[in-house]
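K.L.:
Below you'll find final.cif; it's mmCIF, C-alpha atoms.
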```
data_target
loop_
_atom_site.group_PDB
_atom_site.id
_atom_site.type_symbol
_atom_site.label_atom_id
_atom_site.label_comp_id
_atom_site.auth_asym_id
_atom_site.auth_seq_id
_atom_site.Cartn_x
_atom_site.Cartn_y
_atom_site.Cartn_z
ATOM 1 C CA MET T 1 -28.476 -7.708 14.063
ATOM 2 C CA ARG T 2 -25.981 -4.947 14.868
ATOM 3 C CA LEU T 3 -23.801 -5.081 17.970
ATOM 4 C CA ASN T 4 -24.965 -2.948 20.857
ATOM 5 C CA GLU T 5 -22.885 -0.066 22.169
ATOM 6 C CA GLN T 6 -21.707 -1.897 25.277
ATOM 7 C CA ASP T 7 -20.485 -4.906 23.280
ATOM 8 C CA ILE T 8 -18.546 -2.631 20.934
ATOM 9 C CA LYS T 9 -16.929 -0.784 23.844
ATOM 10 C CA SER T 10 -15.937 -4.093 25.421
ATOM 11 C CA HIS T 11 -14.397 -5.348 22.173
ATOM 12 C CA LEU T 12 -12.522 -2.067 21.724
ATOM 13 C CA GLN T 13 -11.062 -2.225 25.211
ATOM 14 C CA GLN T 14 -9.805 -5.761 24.634
ATOM 15 C CA ILE T 15 -8.402 -4.876 21.202
ATOM 16 C CA SER T 16 -6.597 -1.817 22.570
ATOM 17 C CA ASP T 17 -5.136 -3.837 25.464
ATOM 18 C CA ILE T 18 -3.749 -6.449 23.064
ATOM 19 C CA LEU T 19 -2.301 -3.819 20.721
ATOM 20 C CA LEU T 20 -0.723 -1.860 23.574
ATOM 21 C CA ILE T 21 1.085 -4.967 24.759
ATOM 22 C CA ASN T 22 2.047 -6.427 21.394
ATOM 23 C CA GLY T 23 2.173 -3.500 18.966
ATOM 24 C CA GLY T 24 5.861 -2.947 19.597
ATOM 25 C CA PHE T 25 6.648 -6.336 18.095
ATOM 26 C CA LEU T 26 5.437 -5.460 14.593
ATOM 27 C CA CYS T 27 8.261 -5.788 12.112
ATOM 28 C CA ASN T 28 7.231 -3.195 9.540
ATOM 29 C CA PRO T 29 6.247 0.476 9.725
ATOM 30 C CA GLY T 30 3.616 0.407 6.979
ATOM 31 C CA LEU T 31 0.052 1.701 6.890
ATOM 32 C CA TYR T 32 -1.818 -1.470 5.941
ATOM 33 C CA SER T 33 -0.036 -4.147 7.953
ATOM 34 C CA GLY T 34 2.370 -2.296 10.215
ATOM 35 C CA GLU T 35 2.826 0.327 12.882
ATOM 36 C CA MET T 36 1.223 3.221 11.012
ATOM 37 C CA GLY T 37 -2.109 1.418 11.077
ATOM 38 C CA LEU T 38 -1.853 1.226 14.863
ATOM 39 C CA VAL T 39 -1.048 4.944 15.019
ATOM 40 C CA LEU T 40 -4.252 5.602 13.106
ATOM 41 C CA PHE T 41 -6.372 3.430 15.400
ATOM 42 C CA PHE T 42 -4.942 4.759 18.664
ATOM 43 C CA SER T 43 -5.217 8.376 17.517
ATOM 44 C CA HIS T 44 -8.933 7.935 16.887
ATOM 45 C CA TYR T 45 -9.442 5.847 20.010
ATOM 46 C CA SER T 46 -7.728 8.490 22.142
ATOM 47 C CA ARG T 47 -10.064 11.148 20.780
ATOM 48 C CA TYR T 48 -13.136 9.010 21.433
ATOM 49 C CA THR T 49 -12.137 7.975 24.984
ATOM 50 C CA GLN T 50 -10.445 11.313 25.769
ATOM 51 C CA ASN T 51 -7.559 9.277 27.162
ATOM 52 C CA ASP T 52 -4.136 10.732 26.330
ATOM 53 C CA LEU T 53 -2.459 7.399 27.097
ATOM 54 C CA TYR T 54 -3.447 6.182 23.647
ATOM 55 C CA LEU T 55 -2.222 9.354 21.959
ATOM 56 C CA ASP T 56 1.103 9.080 23.804
ATOM 57 C CA TYR T 57 1.397 5.528 22.508
ATOM 58 C CA SER T 58 0.768 6.835 18.995
ATOM 59 C CA TYR T 59 3.539 9.422 19.437
ATOM 60 C CA GLY T 60 5.913 6.686 20.536
ATOM 61 C CA LEU T 61 5.080 4.571 17.504
ATOM 62 C CA MET T 62 5.576 7.581 15.223
ATOM 63 C CA GLU T 63 9.051 8.166 16.629
ATOM 64 C CA LYS T 64 9.866 4.494 16.136
ATOM 65 C CA ILE T 65 8.655 4.651 12.531
ATOM 66 C CA GLN T 66 10.785 7.731 11.808
ATOM 67 C CA ASN T 67 13.856 6.121 13.337
ATOM 68 C CA ARG T 68 13.419 3.047 11.135
ATOM 69 C CA MET T 69 13.231 4.930 7.853
ATOM 70 C CA HIS T 70 16.233 4.345 5.591
ATOM 71 C CA ARG T 71 17.132 4.462 1.918
ATOM 72 C CA LYS T 72 15.901 0.901 1.365
ATOM 73 C CA THR T 73 12.444 1.527 2.813
ATOM 74 C CA PRO T 74 9.980 0.739 -0.014
ATOM 75 C CA ILE T 75 8.139 3.649 -1.613
ATOM 76 C CA ASP T 76 4.783 1.904 -2.068
ATOM 77 C CA TYR T 77 1.498 2.754 -0.354
ATOM 78 C CA GLU T 78 0.812 -0.511 1.450
ATOM 79 C CA LYS T 79 4.068 -0.904 3.389
ATOM 80 C CA GLY T 80 6.222 2.064 2.468
ATOM 81 C CA LEU T 81 6.756 5.789 2.313
ATOM 82 C CA ALA T 82 3.715 6.810 0.250
ATOM 83 C CA GLY T 83 1.226 5.286 2.690
ATOM 84 C CA ILE T 84 3.061 6.366 5.848
ATOM 85 C CA GLY T 85 3.479 9.917 4.551
ATOM 86 C CA SER T 86 -0.177 10.149 3.522
ATOM 87 C CA ALA T 87 -1.224 8.999 7.004
ATOM 88 C CA VAL T 88 0.979 11.671 8.605
ATOM 89 C CA GLU T 89 -0.718 14.318 6.447
ATOM 90 C CA TYR T 90 -4.147 12.953 7.411
ATOM 91 C CA LEU T 91 -3.350 13.012 11.134
ATOM 92 C CA VAL T 92 -2.018 16.569 11.014
ATOM 93 C CA GLN T 93 -4.862 17.861 8.842
ATOM 94 C CA ASN T 94 -7.393 16.336 11.249
ATOM 95 C CA ASN T 95 -5.702 17.865 14.303
ATOM 96 C CA PHE T 96 -4.434 14.682 15.942
ATOM 97 C CA PHE T 97 -0.836 15.907 15.783
ATOM 98 C CA GLU T 98 0.641 19.393 15.575
ATOM 99 C CA THR T 99 3.728 19.469 13.407
ATOM 100 C CA ASP T 100 5.171 20.932 10.223
ATOM 101 C CA THR T 101 4.655 18.151 7.689
ATOM 102 C CA ASP T 102 7.264 19.645 5.349
ATOM 103 C CA GLU T 103 9.763 19.116 8.142
ATOM 104 C CA ILE T 104 8.693 15.686 9.339
ATOM 105 C CA LEU T 105 8.258 14.408 5.762
ATOM 106 C CA GLU T 106 11.363 16.048 4.305
ATOM 107 C CA ASP T 107 13.151 12.744 3.704
ATOM 108 C CA PHE T 108 9.971 11.233 2.266
ATOM 109 C CA ASP T 109 9.672 14.083 -0.236
ATOM 110 C CA LYS T 110 13.301 13.705 -1.294
ATOM 111 C CA ARG T 111 12.803 10.009 -1.949
ATOM 112 C CA LEU T 112 9.400 10.215 -3.615
ATOM 113 C CA PHE T 113 9.806 13.441 -5.598
ATOM 114 C CA LEU T 114 13.509 13.872 -6.270
ATOM 115 C CA SER T 115 15.302 10.513 -6.183
ATOM 116 C CA TYR T 116 13.568 9.004 -9.201
ATOM 117 C CA GLN T 117 12.540 9.846 -12.702
ATOM 118 C CA ILE T 118 8.893 9.118 -12.086
ATOM 119 C CA GLU T 119 8.145 7.991 -15.628
ATOM 120 C CA HIS T 120 10.651 5.132 -15.261
ATOM 121 C CA LEU T 121 9.019 3.619 -12.189
ATOM 122 C CA PRO T 122 6.487 0.748 -12.287
ATOM 123 C CA ILE T 123 2.964 2.057 -12.785
ATOM 124 C CA GLU T 124 1.900 0.815 -9.323
ATOM 125 C CA ASP T 125 4.582 2.971 -7.653
ATOM 126 C CA ILE T 126 3.622 5.973 -9.778
ATOM 127 C CA LEU T 127 -0.014 5.667 -8.709
ATOM 128 C CA ASP T 128 1.076 5.385 -5.071
ATOM 129 C CA ILE T 129 3.215 8.525 -5.382
ATOM 130 C CA GLY T 130 0.219 10.221 -6.991
ATOM 131 C CA ARG T 131 -1.942 9.480 -3.965
ATOM 132 C CA TYR T 132 0.738 10.841 -1.605
ATOM 133 C CA THR T 133 1.092 13.907 -3.813
ATOM 134 C CA LEU T 134 -2.616 14.693 -3.501
ATOM 135 C CA TRP T 135 -2.407 14.400 0.283
ATOM 136 C CA LYS T 136 0.494 16.854 0.292
ATOM 137 C CA LEU T 137 -1.492 19.308 -1.825
ATOM 138 C CA SER T 138 -4.479 19.113 0.514
ATOM 139 C CA GLY T 139 -2.326 20.247 3.444
ATOM 140 C CA ASN T 140 -0.225 23.307 4.243
ATOM 141 C CA THR T 141 2.922 22.385 2.367
ATOM 142 C CA GLN T 142 5.131 25.163 1.083
ATOM 143 C CA GLN T 143 5.912 22.989 -1.942
ATOM 144 C CA LYS T 144 2.570 23.359 -3.709
ATOM 145 C CA ASP T 145 3.985 25.246 -6.690
ATOM 146 C CA THR T 146 6.735 22.658 -7.184
ATOM 147 C CA ILE T 147 4.251 19.797 -6.904
ATOM 148 C CA ILE T 148 1.708 21.386 -9.267
ATOM 149 C CA HIS T 149 4.206 22.388 -11.939
ATOM 150 C CA ASN T 150 6.830 19.622 -11.705
ATOM 151 C CA ILE T 151 5.470 16.493 -10.037
ATOM 152 C CA LEU T 152 1.808 16.291 -11.063
ATOM 153 C CA PRO T 153 2.473 16.778 -14.797
ATOM 154 C CA GLN T 154 4.839 13.786 -14.755
ATOM 155 C CA ILE T 155 2.242 11.584 -13.042
ATOM 156 C CA ILE T 156 -0.575 12.717 -15.319
ATOM 157 C CA ASN T 157 1.526 12.231 -18.455
ATOM 158 C CA VAL T 158 2.354 8.679 -17.417
ATOM 159 C CA MET T 159 -1.320 7.953 -16.710
ATOM 160 C CA GLU T 160 -2.388 9.271 -20.118
ATOM 161 C CA GLU T 161 0.296 7.243 -21.893
ATOM 162 C CA TRP T 162 -0.244 4.090 -19.877
ATOM 163 C CA TYR T 163 -3.995 3.580 -20.290
ATOM 164 C CA SER T 164 -3.711 3.779 -24.089
ATOM 165 C CA SER T 165 -1.787 0.494 -24.210
ATOM 166 C CA GLN T 166 -3.053 -1.290 -21.060
ATOM 167 C CA GLU T 167 -6.340 -2.398 -19.579
ATOM 168 C CA LEU T 168 -7.639 -0.088 -16.881
ATOM 169 C CA THR T 169 -7.120 -1.228 -13.294
ATOM 170 C CA TYR T 170 -9.098 -0.338 -10.192
ATOM 171 C CA SER T 171 -5.995 1.426 -8.793
ATOM 172 C CA PHE T 172 -5.835 3.637 -11.878
ATOM 173 C CA ILE T 173 -9.558 4.485 -11.688
ATOM 174 C CA ASP T 174 -9.303 5.098 -7.947
ATOM 175 C CA LEU T 175 -6.486 7.634 -8.336
ATOM 176 C CA TYR T 176 -8.221 9.347 -11.249
ATOM 177 C CA ALA T 177 -11.286 9.805 -9.019
ATOM 178 C CA GLN T 178 -9.013 11.550 -6.518
ATOM 179 C CA PHE T 179 -7.691 13.824 -9.275
ATOM 180 C CA LEU T 180 -11.259 14.755 -10.209
ATOM 181 C CA LYS T 181 -11.753 16.058 -6.660
ATOM 182 C CA THR T 182 -9.002 18.606 -7.312
ATOM 183 C CA GLY T 183 -10.688 19.795 -10.517
ATOM 184 C CA PHE T 184 -8.298 18.017 -12.884
ATOM 185 C CA LYS T 185 -9.907 16.308 -15.884
ATOM 186 C CA SER T 186 -8.385 14.524 -18.830
ATOM 187 C CA PRO T 187 -10.732 14.217 -21.845
ATOM 188 C CA SER T 188 -8.798 11.245 -23.166
ATOM 189 C CA ILE T 189 -8.924 9.377 -19.837
ATOM 190 C CA ASN T 190 -12.615 10.273 -19.496
ATOM 191 C CA ASN T 191 -13.333 8.714 -22.905
ATOM 192 C CA CYS T 192 -11.418 5.580 -21.981
ATOM 193 C CA ILE T 193 -13.345 5.213 -18.721
ATOM 194 C CA HIS T 194 -16.671 5.694 -20.540
ATOM 195 C CA HIS T 195 -15.752 2.797 -22.835
ATOM 196 C CA PHE T 196 -14.793 0.725 -19.813
ATOM 197 C CA TYR T 197 -18.140 1.341 -18.079
ATOM 198 C CA GLN T 198 -20.044 0.547 -21.268
ATOM 199 C CA SER T 199 -18.327 -2.828 -21.671
ATOM 200 C CA LEU T 200 -18.405 -3.647 -17.954
ATOM 201 C CA SER T 201 -20.024 -6.951 -16.988
ATOM 202 C CA VAL T 202 -19.921 -9.569 -14.253
ATOM 203 C CA ASN T 203 -17.300 -11.423 -16.270
ATOM 204 C CA ASN T 204 -14.870 -8.472 -16.125
ATOM 205 C CA ILE T 205 -14.468 -8.659 -12.345
ATOM 206 C CA LEU T 206 -12.786 -11.372 -10.287
ATOM 207 C CA PRO T 207 -14.764 -12.190 -7.127
ATOM 208 C CA HIS T 208 -11.825 -11.503 -4.780
ATOM 209 C CA GLU T 209 -11.527 -8.007 -6.282
ATOM 210 C CA ILE T 210 -15.231 -7.104 -6.180
ATOM 211 C CA LEU T 211 -14.853 -4.480 -3.431
ATOM 212 C CA CYS T 212 -11.749 -2.998 -5.062
ATOM 213 C CA TRP T 213 -13.711 -2.405 -8.256
ATOM 214 C CA SER T 214 -16.921 -1.455 -6.458
ATOM 215 C CA ASN T 215 -15.372 1.323 -4.418
ATOM 216 C CA SER T 216 -13.350 2.814 -7.286
ATOM 217 C CA LEU T 217 -16.199 2.638 -9.827
ATOM 218 C CA LEU T 218 -18.845 3.938 -7.404
ATOM 219 C CA GLN T 219 -16.551 6.832 -6.480
ATOM 220 C CA LEU T 220 -16.504 7.930 -10.101
ATOM 221 C CA THR T 221 -20.288 7.741 -10.429
ATOM 222 C CA SER T 222 -20.543 10.587 -7.924
ATOM 223 C CA TYR T 223 -19.300 12.901 -10.690
ATOM 224 C CA PRO T 224 -21.858 14.064 -13.276
ATOM 225 C CA GLU T 225 -19.989 12.706 -16.290
ATOM 226 C CA PHE T 226 -20.106 9.142 -14.896
ATOM 227 C CA GLY T 227 -23.343 9.236 -12.866
ATOM 228 C CA ILE T 228 -25.300 7.375 -15.551
ATOM 229 C CA TYR T 229 -23.389 4.175 -14.717
ATOM 230 C CA LYS T 230 -24.256 3.970 -10.999
ATOM 231 C CA GLY T 231 -27.211 1.601 -11.491
ATOM 232 C CA LYS T 232 -25.162 -0.718 -13.689
ATOM 233 C CA VAL T 233 -22.311 -0.912 -11.155
ATOM 234 C CA GLU T 234 -24.709 -1.602 -8.278
ATOM 235 C CA ALA T 235 -26.420 -4.372 -10.251
ATOM 236 C CA ILE T 236 -23.070 -6.063 -10.914
ATOM 237 C CA ILE T 237 -22.142 -5.773 -7.224
ATOM 238 C CA GLU T 238 -25.425 -7.417 -6.217
ATOM 239 C CA ASN T 239 -24.959 -10.205 -8.756
ATOM 240 C CA ILE T 240 -21.441 -11.128 -7.624
ATOM 241 C CA MET T 241 -22.130 -10.793 -3.908
ATOM 242 C CA ALA T 242 -25.176 -13.017 -4.136
ATOM 243 C CA LYS T 243 -23.138 -15.833 -5.703
ATOM 244 C CA LYS T 244 -19.512 -15.475 -4.649
ATOM 245 C CA PHE T 245 -19.302 -13.799 -1.245
ATOM 246 C CA PRO T 246 -17.911 -15.976 1.606
ATOM 247 C CA THR T 247 -20.151 -17.102 4.448
ATOM 248 C CA SER T 248 -17.397 -17.088 7.088
ATOM 249 C CA LEU T 249 -16.343 -13.900 8.873
ATOM 250 C CA PRO T 250 -14.074 -11.928 6.491
ATOM 251 C CA HIS T 251 -11.148 -9.714 7.420
ATOM 252 C CA PRO T 252 -11.847 -6.150 8.594
ATOM 253 C CA ASN T 253 -10.864 -4.665 5.231
ATOM 254 C CA ILE T 254 -13.928 -6.389 3.749
ATOM 255 C CA PHE T 255 -16.220 -4.921 6.418
ATOM 256 C CA ILE T 256 -14.736 -1.502 5.724
ATOM 257 C CA GLY T 257 -15.159 -2.013 1.975
ATOM 258 C CA LEU T 258 -18.810 -2.970 2.439
ATOM 259 C CA GLN T 259 -19.302 0.063 4.665
ATOM 260 C CA MET T 260 -17.801 2.380 2.039
ATOM 261 C CA CYS T 261 -19.932 1.052 -0.842
ATOM 262 C CA LYS T 262 -23.144 2.222 0.868
ATOM 263 C CA THR T 263 -25.622 0.215 -1.181
ATOM 264 C CA LYS T 264 -28.626 -1.767 0.060
ATOM 265 C CA THR T 265 -26.796 -4.987 -0.767
ATOM 266 C CA THR T 266 -23.648 -4.086 1.159
ATOM 267 C CA ASP T 267 -25.662 -2.916 4.175
ATOM 268 C CA ASN T 268 -27.410 -6.293 4.199
ATOM 269 C CA MET T 269 -24.050 -8.072 3.968
ATOM 270 C CA ILE T 270 -22.711 -6.183 7.004
ATOM 271 C CA SER T 271 -25.801 -7.087 9.022
ATOM 272 C CA LYS T 272 -25.438 -10.724 7.970
ATOM 273 C CA TYR T 273 -21.901 -10.927 9.367
ATOM 274 C CA TYR T 274 -22.462 -8.926 12.537
ATOM 275 C CA ASN T 275 -23.425 -11.836 14.754
ATOM 276 C CA LYS T 276 -20.041 -13.407 13.943
ATOM 277 C CA ILE T 277 -18.062 -10.481 15.382
ATOM 278 C CA ASN T 278 -16.831 -11.329 18.848
ATOM 279 C CA ILE T 279 -13.468 -11.173 20.521
ATOM 280 C CA LYS T 280 -13.051 -14.970 20.367
ATOM 281 C CA ASN T 281 -13.340 -14.894 16.575
ATOM 282 C CA ILE T 282 -10.945 -12.001 16.007
ATOM 283 C CA ILE T 283 -8.388 -12.510 18.778
ATOM 284 C CA ASN T 284 -6.108 -14.606 16.557
ATOM 285 C CA TYR T 285 -6.005 -12.096 13.697
ATOM 286 C CA ASP T 286 -2.783 -10.215 13.067
ATOM 287 C CA MET T 287 -2.386 -6.693 14.449
ATOM 288 C CA GLY T 288 -2.508 -4.689 11.224
ATOM 289 C CA PHE T 289 -5.029 -2.321 9.730
ATOM 290 C CA GLN T 290 -5.970 -4.282 6.616
ATOM 291 C CA THR T 291 -6.498 -7.761 8.035
ATOM 292 C CA GLY T 292 -6.019 -7.472 11.789
ATOM 293 C CA LEU T 293 -6.971 -5.978 15.119
ATOM 294 C CA ALA T 294 -6.212 -2.358 14.245
ATOM 295 C CA GLY T 295 -8.671 -2.684 11.360
ATOM 296 C CA TRP T 296 -11.316 -4.295 13.558
ATOM 297 C CA GLY T 297 -10.766 -1.574 16.125
ATOM 298 C CA ILE T 298 -11.174 1.349 13.786
ATOM 299 C CA PHE T 299 -14.187 -0.249 12.078
ATOM 300 C CA LEU T 300 -15.965 -0.854 15.397
ATOM 301 C CA LEU T 301 -15.021 2.617 16.625
ATOM 302 C CA SER T 302 -16.638 4.162 13.554
ATOM 303 C CA GLU T 303 -19.879 2.444 14.561
ATOM 304 C CA LEU T 304 -19.787 4.473 17.788
ATOM 305 C CA ASP T 305 -18.484 7.879 16.678
ATOM 306 C CA GLN T 306 -19.793 7.780 13.074
ATOM 307 C CA ASP T 307 -16.389 9.034 11.914
ATOM 308 C CA ASN T 308 -14.940 7.200 8.926
ATOM 309 C CA SER T 309 -12.825 10.087 7.659
ATOM 310 C CA TRP T 310 -9.834 7.730 7.894
ATOM 311 C CA ALA T 311 -11.264 5.788 4.928
ATOM 312 C CA SER T 312 -10.041 8.622 2.678
ATOM 313 C CA LEU T 313 -6.571 7.147 3.233
ATOM 314 C CA LEU T 314 -7.459 3.809 1.699
ATOM 315 C CA SER T 315 -6.590 2.946 -1.874
ATOM 316 C CA SER T 316 -8.799 0.493 -3.710
ATOM 317 C CA ASP T 317 -6.393 -2.444 -3.319
ATOM 318 C CA PHE T 318 -6.965 -2.267 0.446
ATOM 319 C CA TYR T 319 -10.243 -4.128 -0.163
ATOM 320 C CA THR T 320 -8.765 -7.258 -1.766
ATOM 321 C CA PHE T 321 -9.876 -10.509 -0.172
ATOM 322 C CA LYS T 322 -7.065 -12.094 1.812
ATOM 323 C CA LYS T 323 -6.784 -15.775 2.687
#
```
Can you dump the structure from the file as structure tokens?

P.N.:
Amino acid sequence: MRLNEQDIKSHLQQISDILLINGGFLCNPGLYSGEMGLVLFFSHYSRYTQNDLYLDYSYGLMEKIQNRMHRKTPIDYEKGLAGIGSAVEYLVQNNFFETDTDEILEDFDKRLFLSYQIEHLPIEDILDIGRYTLWKLSGNTQQKDTIIHNILPQIINVMEEWYSSQELTYSFIDLYAQFLKTGFKSPSINNCIHHFYQSLSVNNILPHEILCWSNSLLQLTSYPEFGIYKGKVEAIIENIMAKKFPTSLPHPNIFIGLQMCKTKTTDNMISKYYNKINIKNIINYDMGFQTGLAGWGIFLLSELDQDNSWASLLSSDFYTFKK
């Protein structure tokens, strides 16, 4: 049974009160577990409640995040520059903030685009930079020509070289799905993914990564060249969830992952867990977006306003089961 509107509003008020009091004590600025996740929640909550207090709090957190950036800040998506910068682009593009992202993200761009030879970075960092790059291109940046002609070719070349000697990962497939949205296609990567789908079975997927794989693989089936595999992917999801899914209340990233899959099985799973959602059960979670109160808040808020546009920020590894 789903929560009623009044229960959700009550939970949201309690979550926001806790985050307002304690959010300043977070020790990292990142999107998944740090302050940027709170910025995302409070920006949406301010719009829903039409209360500028929450937006002012978001502004304050943003200033704090900017002031804490330094040359040793990691570049990854989960805790570092790629995720924070992507969230800034999302917030500006969705009219939460008014600012010139080329200006506010100038130091990010220098670090992510100019400070490294991209091909020499670990593949995980390259994929994270790729996701940030696509967010930049979807906005009003004046650097589009530079990104298209200098940055994207490096990322694409690495992806085409990498898959030929490595097993495909859900992060790789997830980013390639994002590239397809821009009209980019690689025949060689397409062929490799076709082979992957054809050999896909329950045994290929670890239970704690089921939603990571589900969301990336289902994304690709929305494109005509991979649509024939949708039924196979859904059958594998049903098989694993029936046998391996936990019975206790999972973290909010799992609820969000189930919500994004949009299959009959995942809808049933959400309903199954709903009676376990109450403030007593979630009060002792951390404050972050992936596994904590900010995540619970934005998930519950989406049940009221039917807005899950923020999910476009999430990479597939967001949905990993956490202990």

K.L.:
Using only C-alpha atoms, which residue out of T:Gln142, T:Thr133, T:Gln13, T:Thr73 lies closest to T:Gln178?

P.N.:
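Residue with the minimum atom-to-atom distance to T:Gln178: T:Thr133.
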
K.L.:
Given the choices T:Asp128, T:Glu119, T:Asp174, T:Asp109, which gets closest to T:Lys79 if the distance is worked out from only C-alpha atoms?

P.N.:
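For T:Lys79, the nearest of the candidates is T:Asp128.
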
K.L.:
Using only C-alpha atoms, which residue out of T:Leu314, T:Pro252, T:Glu225, T:Phe25 lies closest to T:Asn191?

P.N.:
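Under the stated criterion, the closest residue is T:Glu225.
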
K.L.:
What does the PyMOL selection byres ((chain T and resi 144-150) around 12) select in this file, as a PyMOL selection string?

P.N.:
chain T and resi 102+109+112-114+117-118+129-130+132-143+151-157+182+184

K.L.:
Hey, which bits of stretch 146-180 of chain T sit within 12 Å of stretch 195-209 of chain T, and for each residue what's the closest pair of atoms and how far apart in Å (one decimal), counting only C-alpha atoms, rows by chain and increasing number, as CSV?

P.N.:
```
residue,atom,partner,partner_atom,distance
T:Tyr163,CA,T:Phe196,CA,11.2
T:Gln166,CA,T:Phe196,CA,12.0
T:Glu167,CA,T:Phe196,CA,9.0
T:Leu168,CA,T:Phe196,CA,7.8
T:Thr169,CA,T:Phe196,CA,10.3
T:Tyr170,CA,T:Glu209,CA,8.9
T:Ser171,CA,T:Glu209,CA,11.2
T:Ile173,CA,T:Phe196,CA,10.4
```

K.L.:
Just say which residues the PyMOL selection byres ((chain T and resi 37-51) around 9) picks in this file, as a VMD selection string.

P.N.:
chain T and resid 12 16 19 23 29 to 36 52 to 59 61 to 62 84 87 91 96 to 97 287 to 290 293 to 295 297 to 298 301 304 to 305 310

K.L.:
Produce a table with one row for each residue of stretch 230-292 of chain T that has an atom at most 7 Å from any atom of stretch 213-218 of chain T, each row naming the nearest atom pair and its distance in Å at one decimal; use all atoms listed in the file; arrange rows by chain and rising residue number; format as CSV.

P.N.:
```
residue,atom,partner,partner_atom,distance
T:Lys230,CA,T:Leu218,CA,6.5
T:Ile237,CA,T:Ser214,CA,6.8
T:Met260,CA,T:Asn215,CA,7.0
T:Cys261,CA,T:Asn215,CA,5.8
```

K.L.:
With the file shown as input, list the residues that the PyMOL selection byres ((chain T and resi 66) around 10) selects, as an mmCIF file with C-alpha atoms, in the frame of the given file.

P.N.:
```cif
data_model
loop_
_atom_site.group_PDB
_atom_site.id
_atom_site.type_symbol
_atom_site.label_atom_id
_atom_site.label_comp_id
_atom_site.auth_asym_id
_atom_site.auth_seq_id
_atom_site.Cartn_x
_atom_site.Cartn_y
_atom_site.Cartn_z
ATOM 1 C CA PRO T 29 6.247 0.476 9.725
ATOM 2 C CA LEU T 61 5.080 4.571 17.504
ATOM 3 C CA MET T 62 5.576 7.581 15.223
ATOM 4 C CA GLU T 63 9.051 8.166 16.629
ATOM 5 C CA LYS T 64 9.866 4.494 16.136
ATOM 6 C CA ILE T 65 8.655 4.651 12.531
ATOM 7 C CA ASN T 67 13.856 6.121 13.337
ATOM 8 C CA ARG T 68 13.419 3.047 11.135
ATOM 9 C CA MET T 69 13.231 4.930 7.853
ATOM 10 C CA HIS T 70 16.233 4.345 5.591
ATOM 11 C CA ILE T 84 3.061 6.366 5.848
ATOM 12 C CA ILE T 104 8.693 15.686 9.339
ATOM 13 C CA LEU T 105 8.258 14.408 5.762
ATOM 14 C CA ASP T 107 13.151 12.744 3.704
#
```

K.L.:
Between T:Ile210, T:Glu303, T:Lys262, T:Tyr229, which residue has the minimum interatomic distance to T:Lys243, considering all atoms listed in the file?

P.N.:
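Result for the nearest residue to T:Lys243: T:Ile210.
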
K.L.:
In terms of the shortest atom-to-atom distance over all atoms listed in the file, which of T:Gly227, T:Gly83, T:Pro250, T:Gly24 is closest to T:Gly60?

P.N.:
T:Gly24

K.L.:
To one decimal place, how far is atom CA of T:Phe299 from atom CA of T:Lys232 in Å?

P.N.:
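These two atoms are separated by 28.0 Å.
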
K.L.:
Quote the spacing between atom CA of T:Glu78 and atom CA of T:Lys322 in Å to one decimal place.

P.N.:
14.0 Å

K.L.:
Within 10 Å of stretch 276-280 of chain T, counting only C-alpha atoms, which residues qualify if same-chain residues fewer than 5 places away don't, as a list in words?

P.N.:
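Surrounding residues, per the criterion: Arg2, Leu3, Asp7, Ile8, Ser10, His11, Leu12, Gln14, Ile15, Ser248, Leu249, Pro250, Ser271, Leu293, Trp296 and Leu300 of chain T.
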
K.L.:
In Å, with one decimal, what is the gap from atom CA of T:Phe318 to atom CA of T:Leu211?

P.N.:
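Separation of atom CA of T:Phe318 and atom CA of T:Leu211: 9.1 Å.
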
K.L.:
Around all the atoms of stretch 86-102 of chain T listed in the file, with 8 Å of room on each side, what axis-aligned box do you get, giving centre and edge lengths in Å to one decimal, as AutoDock Vina command-line options?

P.N.:
```
--center_x -0.1 --center_y 15.0 --center_z 9.7 --size_x 30.7 --size_y 27.9 --size_z 28.4
```
